[in-house]
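Engineer: Attaching a single structure in structure tokens format; questions to follow.
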Amino acid sequence: MTGQQSPGTTGEPSYDSRRQVVYWRLLARLFDHEEQAALESASLAVVEDIGLPPTLLDPQASVDSVVQRHPELAAEFDGLMVPESEEDADGGRTAQEADADAPADARDRAAEVRRAALVSKVLLNVFHSPPGTVTAGQLSRWQSDAGWLERALGCGPGELRGGRAGGPGASPTGTGGGGRTPDLSRLIPEIGPELGSIEAGLVKRMRLREVLADPQLAGQLTPSMSLIEQLLRDKDNLSGVALANAKALIRRFVDEVAEVLRTQVEKSTVGALDRSVPPKRVFRNLDLDRTIWKNLTNWDPEEERLYVDRLFYRHTARRTTPQRLIVVVDQSGSMVDSMVNCTILASIFAGLPKVDVHLIAYDTQALDLTPWVHDPFETLLRTNLGGGTDGTVAMALAQPKIAEPRNTVVVWISDFYEWQTEPLFESMAAIHRSGAKFIPVGSVTSSGRASVNPWFRERFKDQGTPVLSGHIRKLVHELKTFLT
């Protein structure tokens, strides 16, 4: 087991058996809390033989601590589990197919064993959660390890769980992300919702009020969607130091998500070019191609020099029409992810010129949050998660706000499990027929699953306004298209 055998017929079983030992230990640890001595000793021999530190097998050691002691491993963890989807340049096959058909001496089996050991560490730390009551330190460590799993999949830490660009797991030794968008569509089940479910379970098992009352313990918490949901549910039962710490965590999370969404909104400009406004004569607006073309008559063939007597600049001013954006959000507990994202998104669009944003939240009662739409933090503090849903009360607030239908877009975020289905749908259809743009949204998350009432889904589809579900970039694109 400890000898280095050359690749070939003799060495293949040795490398294969080493990799199997590592994965059998992973499965045993995940499904049986009792340690298997034989697998532990065999795995230790494998890890030492391939030059990896024994701490890799310590279930109490976070990936962060391993990387801090062995910084050279950070680069190996990044992109470690990115699914291969590129086709082979010659044969048109995937990299996996080419690797499987490659001759034995063309495969680096030692590297495969090393990769298996690193993958095993990340998976075990994330999917083997501690039993019993969870401490702030354990939650923080799990969030860090989950960040490393996201980095291994080629994403930014926190990206799969809550849409943030950064988060736990980002250390001085690496930045996370493989530089290209990974294809995670073949992962069954989808990894993002599963991570979010595990994190939510850990938060629920934590004595959150006691942690928040202790500034030192509260400082160990990393804001996440699961934690924010619990804080919003419990905010009315908090006071003093605990409430101040809860607000600080919510503010941190809101700022992090806002930074990501603001970048997505600002990626494309709004409005068509307004050529009635003279271009600003600065270097960055200089139209070099047009300047050369218009001055070609000044070319001196003897001196081989082009004399420029007039400069041309690009138009950058854009023509915009005042638009009204009405966002209606179901604040039931199942929609917390969408509510947080859309509340922040509404505040960003409210900062754009000539965009009038209105925000309404509802359960069995409706609340007009428009006065606080510019501050998502204050908006979220005024929400009340949970309870039933009656969209007709929100519709009563939304309809009077539609003054000019052609310049109005109504975004309705809900799972559409309503008490009064027929009257609500008729009101929504009336908005669509009036000429306003109506966008029904079932889920706006970074990766989450959505459950939408099939009755509404079919009728929205027949109406020509299919339910939008999935990544928040879809909603950003829809709104940008309308505002343009």
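Going through the structure tokens in order, the chains are called A, B, and so on, while each chain numbers its residues from 1 and the ligands are numbered from 1 in the order shown.
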So that I can check the surroundings of Thr408 in chain A, please list as a list in words every protein, DNA and RNA residue that reaches within 6 Å of it, counting only C-alpha atoms and ignoring chain neighbours fewer than 5 positions away.
Structural biologist: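 Here the answer would be Gln323, Arg324, Leu325 and Ala436 of chain A.
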Engineer: Could you dump the residues just selected with N, CA and C atoms as an mmCIF file, in the first residue's frame?
Structural biologist:
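So the final result, stored in again_16.cif, reads:
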```
data_model
loop_
_atom_site.group_PDB
_atom_site.id
_atom_site.type_symbol
_atom_site.label_atom_id
_atom_site.label_comp_id
_atom_site.auth_asym_id
_atom_site.auth_seq_id
_atom_site.Cartn_x
_atom_site.Cartn_y
_atom_site.Cartn_z
ATOM 1 N N GLN A 323 -41.143 55.628 -15.984
ATOM 2 C CA GLN A 323 -41.777 54.335 -15.849
ATOM 3 C C GLN A 323 -42.175 54.127 -14.402
ATOM 4 N N ARG A 324 -43.229 53.349 -14.203
ATOM 5 C CA ARG A 324 -43.650 53.010 -12.848
ATOM 6 C C ARG A 324 -43.516 51.502 -12.658
ATOM 7 N N LEU A 325 -42.795 51.114 -11.612
ATOM 8 C CA LEU A 325 -42.579 49.714 -11.275
ATOM 9 C C LEU A 325 -43.305 49.424 -9.961
ATOM 10 N N ALA A 436 -50.676 47.258 -19.321
ATOM 11 C CA ALA A 436 -49.526 47.218 -18.400
ATOM 12 C C ALA A 436 -48.812 45.880 -18.551
#
```
Engineer: Would you pick out the contacts of range 237-247 of chain A at 9 Å or less, using only C-alpha atoms, so that residues sharing its chain but fewer than 5 positions from it are not included, and give the list as a ChimeraX atom specification?
Structural biologist: /A:209-215,218-219,228,231-232,252,377,381
